[in-house]
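Below is structure.cif, which holds mmCIF, C-alpha atoms.
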data_upload
loop_
_atom_site.label_atom_id
_atom_site.label_comp_id
_atom_site.auth_asym_id
_atom_site.auth_seq_id
_atom_site.Cartn_x
_atom_site.Cartn_y
_atom_site.Cartn_z
CA MET A 38 -30.32 28.03 65.76
CA GLU A 39 -28.62 25.08 64.09
CA GLU A 40 -26.35 26.01 61.19
CA GLU A 41 -27.50 24.69 57.84
CA ILE A 42 -25.00 22.21 56.35
CA GLU A 43 -24.35 22.46 52.64
CA THR A 44 -24.70 19.30 50.60
CA PRO A 45 -21.75 18.11 48.46
CA GLU A 46 -23.65 19.26 45.36
CA GLU A 47 -24.09 22.75 46.80
CA GLN A 48 -20.45 22.94 47.85
CA LEU A 49 -19.32 21.92 44.36
CA ALA A 50 -21.65 24.42 42.70
CA LYS A 51 -20.27 27.16 44.95
CA GLN A 52 -16.71 26.14 44.08
CA HIS A 53 -17.50 26.15 40.35
CA ARG A 54 -19.04 29.61 40.51
CA LYS A 55 -15.94 30.95 42.27
CA GLU A 56 -13.62 29.33 39.73
CA LYS A 57 -15.61 30.79 36.84
CA LYS A 58 -15.53 34.23 38.44
CA ASP A 59 -11.77 33.97 39.02
CA LEU A 60 -11.25 32.88 35.43
CA GLN A 61 -13.20 35.86 34.08
CA ALA A 62 -11.03 38.18 36.15
CA LYS A 63 -7.92 36.48 34.78
CA ILE A 64 -9.21 36.76 31.20
CA GLN A 65 -9.89 40.46 31.66
CA GLY A 66 -6.32 40.92 32.84
CA MET A 67 -5.05 39.06 29.77
CA LYS A 68 -7.10 41.32 27.49
CA ASN A 69 -5.89 44.48 29.22
CA ALA A 70 -2.27 43.39 28.69
CA ILE A 71 -2.59 43.56 24.89
CA PRO A 72 -3.00 46.86 23.00
CA LYS A 73 -6.33 47.12 21.20
CA ASN A 74 -4.64 47.87 17.89
CA ASP A 75 -2.55 44.67 18.04
CA LYS A 76 -5.12 42.60 16.14
CA LYS A 77 -2.81 39.66 15.56
CA ARG A 78 -2.06 39.16 19.26
CA ARG A 79 -5.69 39.74 20.19
CA LYS A 80 -6.74 37.04 17.71
CA GLN A 81 -4.21 34.67 19.27
CA LEU A 82 -5.46 35.63 22.72
CA THR A 83 -9.04 34.77 21.72
CA GLU A 84 -7.89 31.26 20.83
CA GLU A 85 -5.93 30.96 24.07
CA ILE A 86 -8.93 32.07 26.12
CA ALA A 87 -11.14 29.50 24.39
CA LYS A 88 -8.67 26.77 25.34
CA ILE A 89 -8.58 27.86 28.97
CA GLU A 90 -12.38 28.06 29.21
CA ALA A 91 -12.74 24.66 27.57
CA GLU A 92 -10.31 23.19 30.08
CA LEU A 93 -12.26 24.62 33.02
CA ASN A 94 -15.56 23.36 31.60
CA GLN A 95 -14.11 19.88 31.14
CA LYS A 96 -12.79 19.95 34.72
CA HIS A 97 -16.19 20.95 36.07
CA GLU A 98 -18.00 18.28 34.05
CA GLN A 99 -15.59 15.61 35.28
CA GLU A 100 -16.07 16.70 38.89
CA LEU A 101 -19.82 16.49 38.42
CA ARG A 102 -19.52 12.99 37.00
CA ASN A 103 -17.43 11.95 40.00
CA LEU A 104 -20.00 13.29 42.42
CA LYS A 105 -22.91 10.89 42.91
CA PRO A 106 -26.06 12.97 42.39
CA THR A 107 -28.85 12.86 44.91
CA THR A 108 -31.51 13.74 42.36
CA ASN A 109 -31.59 14.50 38.67
CA THR A 110 -32.92 17.96 39.46
CA LYS A 111 -29.92 18.67 41.68
CA VAL A 112 -27.52 17.63 38.91
CA GLU A 113 -29.25 20.00 36.51
CA GLU A 114 -28.85 22.83 39.00
CA VAL A 115 -25.17 22.07 39.54
CA LEU A 116 -24.53 21.97 35.81
CA ASN A 117 -25.46 25.65 35.98
CA GLY A 118 -26.99 26.13 32.59
CA VAL A 119 -25.36 23.28 30.66
CA GLU A 120 -27.89 21.89 28.16
CA THR A 121 -29.23 18.50 29.24
CA MET A 122 -29.87 15.62 26.92
CA LYS A 123 -33.31 14.44 25.95
CA LEU A 124 -33.08 10.71 26.32
CA GLU A 125 -34.73 8.19 24.01
CA GLY A 126 -37.60 6.03 25.19
CA GLY A 127 -39.85 8.82 26.44
CA GLU A 128 -37.73 9.96 29.41
CA GLU A 129 -38.37 13.48 30.62
CA GLU A 130 -36.13 16.27 29.34
CA GLY A 131 -33.67 17.33 32.02
CA GLU A 132 -32.92 13.79 33.21
CA VAL A 133 -29.23 13.01 33.02
CA LYS A 134 -28.09 9.46 32.48
CA GLN A 135 -24.79 8.68 34.13
CA PRO A 136 -22.81 6.62 31.59
CA ARG A 137 -20.30 4.07 32.76
CA VAL A 138 -16.78 5.27 32.02
CA THR A 139 -14.52 2.51 30.66
CA LYS A 140 -10.83 2.26 31.50
CA ALA A 141 -9.97 3.13 27.91
CA GLN A 142 -12.13 6.24 28.09
CA LYS A 143 -10.51 7.23 31.39
CA ARG A 144 -7.10 6.95 29.73
CA ARG A 145 -8.26 9.09 26.83
CA ASP A 146 -9.76 11.65 29.23
CA LYS A 147 -6.53 11.76 31.21
CA LYS A 148 -4.45 12.26 28.07
CA ALA A 149 -6.82 15.00 26.85
CA ALA A 150 -6.69 16.72 30.24
CA GLN A 151 -2.87 16.63 30.22
CA GLU A 152 -2.78 18.16 26.75
CA LYS A 153 -5.21 20.90 27.76
CA GLU A 154 -3.13 21.59 30.85
CA ARG A 155 -0.05 21.95 28.65
CA GLU A 156 -1.91 24.33 26.31
CA SER A 157 -3.05 26.35 29.33
CA ARG A 158 0.53 26.65 30.59
CA ILE A 159 1.62 27.86 27.16
CA ALA A 160 -1.21 30.42 27.11
CA GLU A 161 -0.30 31.69 30.58
CA ALA A 162 3.37 31.91 29.63
CA GLU A 163 2.38 33.91 26.56
CA VAL A 164 0.51 36.50 28.61
CA GLN A 165 3.16 36.73 31.32
CA ASN A 166 5.84 37.20 28.69
CA LEU A 167 4.14 40.00 26.76
CA GLN A 168 6.48 42.57 28.24
CA GLY A 169 9.41 40.13 28.43
CA VAL A 170 12.08 38.87 26.06
CA ARG A 171 9.66 37.25 23.59
CA HIS A 172 7.66 40.45 23.19
CA GLN A 173 10.80 42.53 22.69
CA GLU A 174 12.16 40.00 20.20
CA GLY A 175 8.91 40.18 18.25
CA LEU A 176 9.07 43.98 18.09
CA LYS A 177 12.65 43.96 16.80
CA LEU A 178 11.84 41.35 14.17
CA ALA A 179 8.74 43.26 13.06
CA GLN A 180 10.87 46.40 12.55
CA LYS A 181 13.50 44.52 10.53
CA LEU A 182 10.90 42.79 8.38
CA ALA A 183 8.93 46.00 7.77
CA GLN A 184 12.01 47.48 6.07
CA GLN A 185 11.62 44.73 3.45
CA GLN A 186 7.82 45.07 3.37
CA LEU A 187 7.51 41.71 5.12
CA GLN A 188 5.82 40.38 8.25
CA ILE A 189 5.98 37.13 10.20
CA LYS A 190 3.80 34.24 9.09
CA GLU A 191 3.25 31.91 12.03
CA ILE A 192 4.30 28.27 11.68
CA SER A 193 3.19 25.60 14.15
CA SER A 194 5.72 24.54 16.76
CA ASP A 195 5.94 20.76 16.40
CA GLY A 196 9.58 19.92 15.65
CA HIS A 197 9.03 20.37 11.91
CA CYS A 198 8.91 24.18 12.02
CA MET A 199 11.99 24.82 9.86
CA TYR A 200 10.77 22.43 7.16
CA ARG A 201 7.20 23.75 7.37
CA ALA A 202 8.50 27.30 6.98
CA ILE A 203 10.47 26.29 3.87
CA GLU A 204 7.45 24.42 2.52
CA ASP A 205 5.42 27.62 2.96
CA GLN A 206 8.11 29.75 1.30
CA LEU A 207 8.22 27.46 -1.74
CA ALA A 208 4.43 27.63 -2.06
CA GLN A 209 4.50 31.45 -1.91
CA ARG A 210 7.04 31.98 -4.67
CA SER A 211 5.79 34.30 -7.42
CA LYS A 212 7.50 32.31 -10.14
CA PRO A 213 6.63 28.67 -10.78
CA GLY A 214 9.01 26.79 -8.57
CA ILE A 215 9.59 23.71 -6.53
CA ILE A 216 6.77 22.39 -4.38
CA MET A 217 7.83 19.93 -1.70
CA SER A 218 6.10 18.53 1.36
CA VAL A 219 7.75 18.44 4.77
CA LYS A 220 8.26 14.69 4.39
CA GLU A 221 10.01 15.12 1.03
CA LEU A 222 12.13 18.01 2.31
CA ARG A 223 13.31 15.88 5.22
CA SER A 224 14.02 12.90 2.96
CA ARG A 225 15.98 14.96 0.43
CA THR A 226 17.95 16.68 3.22
CA ALA A 227 18.99 13.35 4.75
CA GLU A 228 19.84 11.93 1.33
CA HIS A 229 22.10 14.88 0.51
CA MET A 230 23.85 14.72 3.89
CA ARG A 231 24.52 10.99 3.49
CA SER A 232 25.98 11.45 0.02
CA HIS A 233 28.13 14.42 1.11
CA ALA A 234 29.22 13.17 4.54
CA ASP A 235 32.60 14.93 4.35
CA ASP A 236 30.80 18.30 4.25
CA PHE A 237 28.79 17.62 7.40
CA LEU A 238 30.61 15.15 9.64
CA PRO A 239 33.26 17.67 10.85
CA PHE A 240 30.47 19.78 12.38
CA LEU A 241 28.85 16.95 14.34
CA THR A 242 30.31 15.85 17.66
CA ASN A 243 29.21 13.48 20.39
CA PRO A 244 27.91 15.64 23.28
CA ASN A 245 29.35 13.24 25.86
CA SER A 246 32.84 12.64 24.48
CA GLY A 247 33.31 15.68 22.25
CA ASP A 248 34.60 13.42 19.50
CA MET A 249 33.48 13.70 15.90
CA TYR A 250 30.57 11.43 15.03
CA THR A 251 31.35 7.89 14.00
CA THR A 252 29.85 6.52 10.78
CA ASP A 253 27.09 4.81 12.75
CA GLU A 254 26.32 7.96 14.75
CA PHE A 255 26.17 10.00 11.55
CA GLU A 256 23.79 7.51 9.95
CA LYS A 257 21.51 7.68 13.00
CA TYR A 258 21.60 11.49 12.79
CA CYS A 259 20.55 11.36 9.13
CA SER A 260 17.87 8.79 9.91
CA ASP A 261 16.44 11.10 12.59
CA VAL A 262 16.42 13.98 10.09
CA GLU A 263 14.44 11.83 7.67
CA HIS A 264 12.04 9.93 9.90
CA THR A 265 11.46 11.91 13.12
CA ALA A 266 10.50 15.43 14.24
CA ALA A 267 14.16 16.21 14.96
CA TRP A 268 14.69 19.97 15.04
CA GLY A 269 16.48 21.43 12.00
CA GLY A 270 19.35 23.90 12.08
CA GLN A 271 22.08 25.43 9.92
CA LEU A 272 23.50 22.09 8.75
CA GLU A 273 20.11 21.05 7.41
CA LEU A 274 19.64 24.48 5.83
CA ARG A 275 23.00 24.12 4.10
CA ALA A 276 21.91 20.76 2.70
CA LEU A 277 18.58 22.20 1.55
CA THR A 278 20.20 25.06 -0.36
CA GLN A 279 22.07 22.41 -2.37
CA VAL A 280 18.94 20.31 -2.86
CA LEU A 281 16.78 23.27 -3.96
CA HIS A 282 19.50 25.36 -5.62
CA LEU A 283 18.12 28.36 -3.76
CA ARG A 284 19.56 30.91 -1.36
CA VAL A 285 18.30 30.98 2.23
CA GLU A 286 18.22 34.02 4.50
CA VAL A 287 17.48 33.68 8.20
CA ILE A 288 16.48 36.91 9.92
CA GLN A 289 17.16 37.25 13.67
CA ALA A 290 16.28 39.94 16.18
CA ASP A 291 19.68 40.62 17.77
CA SER A 292 22.12 39.19 15.21
CA PRO A 293 22.93 39.80 11.56
CA THR A 294 20.93 37.92 8.96
CA ILE A 295 22.38 34.47 8.23
CA LYS A 296 22.87 33.93 4.50
CA ILE A 297 23.38 30.42 3.14
CA GLY A 298 23.80 29.25 -0.45
CA GLU A 299 24.96 32.60 -1.81
CA GLU A 300 26.49 30.78 -4.78
CA PHE A 301 22.96 30.48 -6.17
CA ASP A 302 21.52 33.44 -8.06
CA SER A 303 17.89 33.20 -6.99
CA GLU A 304 15.14 34.87 -5.05
CA PRO A 305 15.96 33.80 -1.49
CA ILE A 306 13.89 31.70 0.84
CA THR A 307 13.38 33.90 3.90
CA LEU A 308 12.91 32.48 7.38
CA VAL A 309 12.64 34.09 10.81
CA TYR A 310 14.58 32.54 13.69
CA MET A 311 13.13 33.21 17.15
CA ARG A 312 15.01 32.33 20.31
CA HIS A 313 12.10 32.90 22.69
CA ALA A 314 9.08 31.69 20.72
CA TYR A 315 5.94 30.57 22.62
CA GLY A 316 7.82 30.41 25.91
CA LEU A 317 9.11 27.02 24.74
CA GLY A 318 12.44 28.00 23.19
CA GLU A 319 13.81 28.31 19.65
CA HIS A 320 11.52 28.31 16.63
CA TYR A 321 11.42 29.08 12.90
CA ASN A 322 8.64 31.06 11.23
CA SER A 323 7.99 31.92 7.61
CA VAL A 324 7.35 35.44 6.27
CA GLU A 325 4.79 37.01 3.93
CA ARG A 326 4.25 40.37 2.29
CA LEU A 327 3.36 43.12 4.73
CA LYS A 328 -0.39 43.67 4.66
CA ASP A 329 -1.96 47.06 4.16
CA PRO A 330 -3.29 48.19 7.60
CA ALA A 331 -6.54 49.31 5.95
CA ASN A 332 -7.07 45.89 4.42
CA ALA A 333 -6.11 44.18 7.65
CA GLU A 334 -8.72 46.26 9.46
CA GLU A 335 -11.41 45.08 7.04
CA SER A 336 -10.46 41.41 7.43
#
Have the structure of the file written as structure tokens, please.
Amino acid sequence: MEEEIETPEEQLAKQHRKEKKDLQAKIQGMKNAIPKNDKKRRKQLTEEIAKIEAELNQKHEQELRNLKPTTNTKVEEVLNGVETMKLEGGEEEGEVKQPRVTKAQKRRDKKAAQEKERESRIAEAEVQNLQGVRHQEGLKLAQKLAQQQLQIKEISSDGHCMYRAIEDQLAQRSKPGIIMSVKELRSRTAEHMRSHADDFLPFLTNPNSGDMYTTDEFEKYCSDVEHTAAWGGQLELRALTQVLHLRVEVIQADSPTIKIGEEFDSEPITLVYMRHAYGLGEHYNSVERLKDPANAEES
């Protein structure tokens, strides 16, 4: 008896079913890796899973577009439950019109796919690292913060994290205080560093020569602080304490708290410095008052 040969559409449908099944198994493993009472991580995991599923769906849809359909009915079967469009002009529901993809759209699709792939890698690194250094760092920080009735408030990782964390801290202050945007914080930091070059130049050296920055190199450094997503550190925090006339405390997991601007008698700005955040390296977060577990359960 002659063996029945699968059509390309059938082969693709079979492949898609297997990939969906494999993904569900992976997702289950991700869920099992997080304690049920860790609501914060489980909420983050839900978002990560949504990203991964969206990436797989986009991949499947693109593969279907690339495969020339033999009949509209076959396409509908391969889509495996995806809602079809009802076309204008009296065409039957279930017919799928194959739009022409422009070069510009292809470039946008490629960029979107690359970004989703990056997000997927981050999500996978998160799960794999749950029992690793990042997880342990998070536990130590949570214990330190709990002693002050505080908890971490997540700040996006985009190069502006230190300034965003300070922006958040200023907005949280119980007393009427200074409100500044990230852009203004960067501008004021750069302005202060330029006008007090002698306080900052000795700490900046050329990574290639080891020599102290020249005037031009220092100006470029300040320009990057002001106009780019250049990462901020202790020099910029020192400048900001002078700009804001506020103390800054930076809590770390395995090192003593860094205190800057102690000459100012004020309620401190409190930041959290993480060395292993998101699997991507160093990162600053803000803090907020520790929530009542009962209230957190309700929310």
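Closest approach to Glu152 in chain A among A:Glu92, A:Gly175, A:Ser193, A:Leu101 is made by A:Glu92 (distances from all atoms listed in the file).
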Residues matched by the PyMOL selection byres ((chain A and resi 68) around 12), written as an MDAnalysis selection string | chainID A and resid 61:67 69:76 78:83 85:86 164:165 167
Could you give me, as CSV, every range 252-326 of chain A residue with an atom at most 12 Å from range 239-247 of chain A, plus its closest atom pair and distance in Å to one decimal, counting only C-alpha atoms, rows ordered by chain then number?
residue,atom,partner,partner_atom,distance
A:Thr252,CA,A:Leu241,CA,11.1
A:Asp253,CA,A:Asn243,CA,11.7
A:Glu254,CA,A:Asn243,CA,8.4
A:Phe255,CA,A:Leu241,CA,8.0
A:Glu256,CA,A:Leu241,CA,11.6
A:Lys257,CA,A:Leu241,CA,11.9
A:Tyr258,CA,A:Leu241,CA,9.2
A:Cys259,CA,A:Leu241,CA,11.3
A:Gly270,CA,A:Phe240,CA,11.9
A:Gln271,CA,A:Phe240,CA,10.4
A:Leu272,CA,A:Phe240,CA,8.2
A:Glu273,CA,A:Phe240,CA,11.6
A:Arg275,CA,A:Phe240,CA,12.0
Expressed in Å to a single decimal, how great is the separation between CA of Ser323 in chain A and CA of Ser232 in chain A?
-> 28.3 Å
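Across the structure, CA of Glu100 in chain A and CA of Ser157 in chain A are spaced 18.8 Å apart.
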Leu274 in chain A proximity check over A:Lys328, A:Arg223, A:Lys153, A:Arg231, using only C-alpha atoms: winner is A:Arg223
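Against this structure, the PyMOL selection byres ((chain A and resi 190) around 12) ends up with Lys77, Leu178, Ala179, Leu182, Leu187, Gln188, Ile189, Glu191, Ile192, Ser193, Cys198, Arg201, Ala202, Ile203, Asp205, Gln206, Gln209, Thr307, Leu308, Val309, Tyr310, Tyr321, Asn322, Ser323, Val324, Glu325, Arg326, Leu327 and Lys328 of chain A.
Put simply, CA of Val219 in chain A is 6.4 Å away from CA of Glu204 in chain A.
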Which residues come within 10 Å of Arg225 in chain A, counting all atoms listed in the file, excluding same-chain residues fewer than 2 positions away, as a PyMOL selection string?
-> chain A and resi 217+219-223+227-231+262-263+276-277+280-281
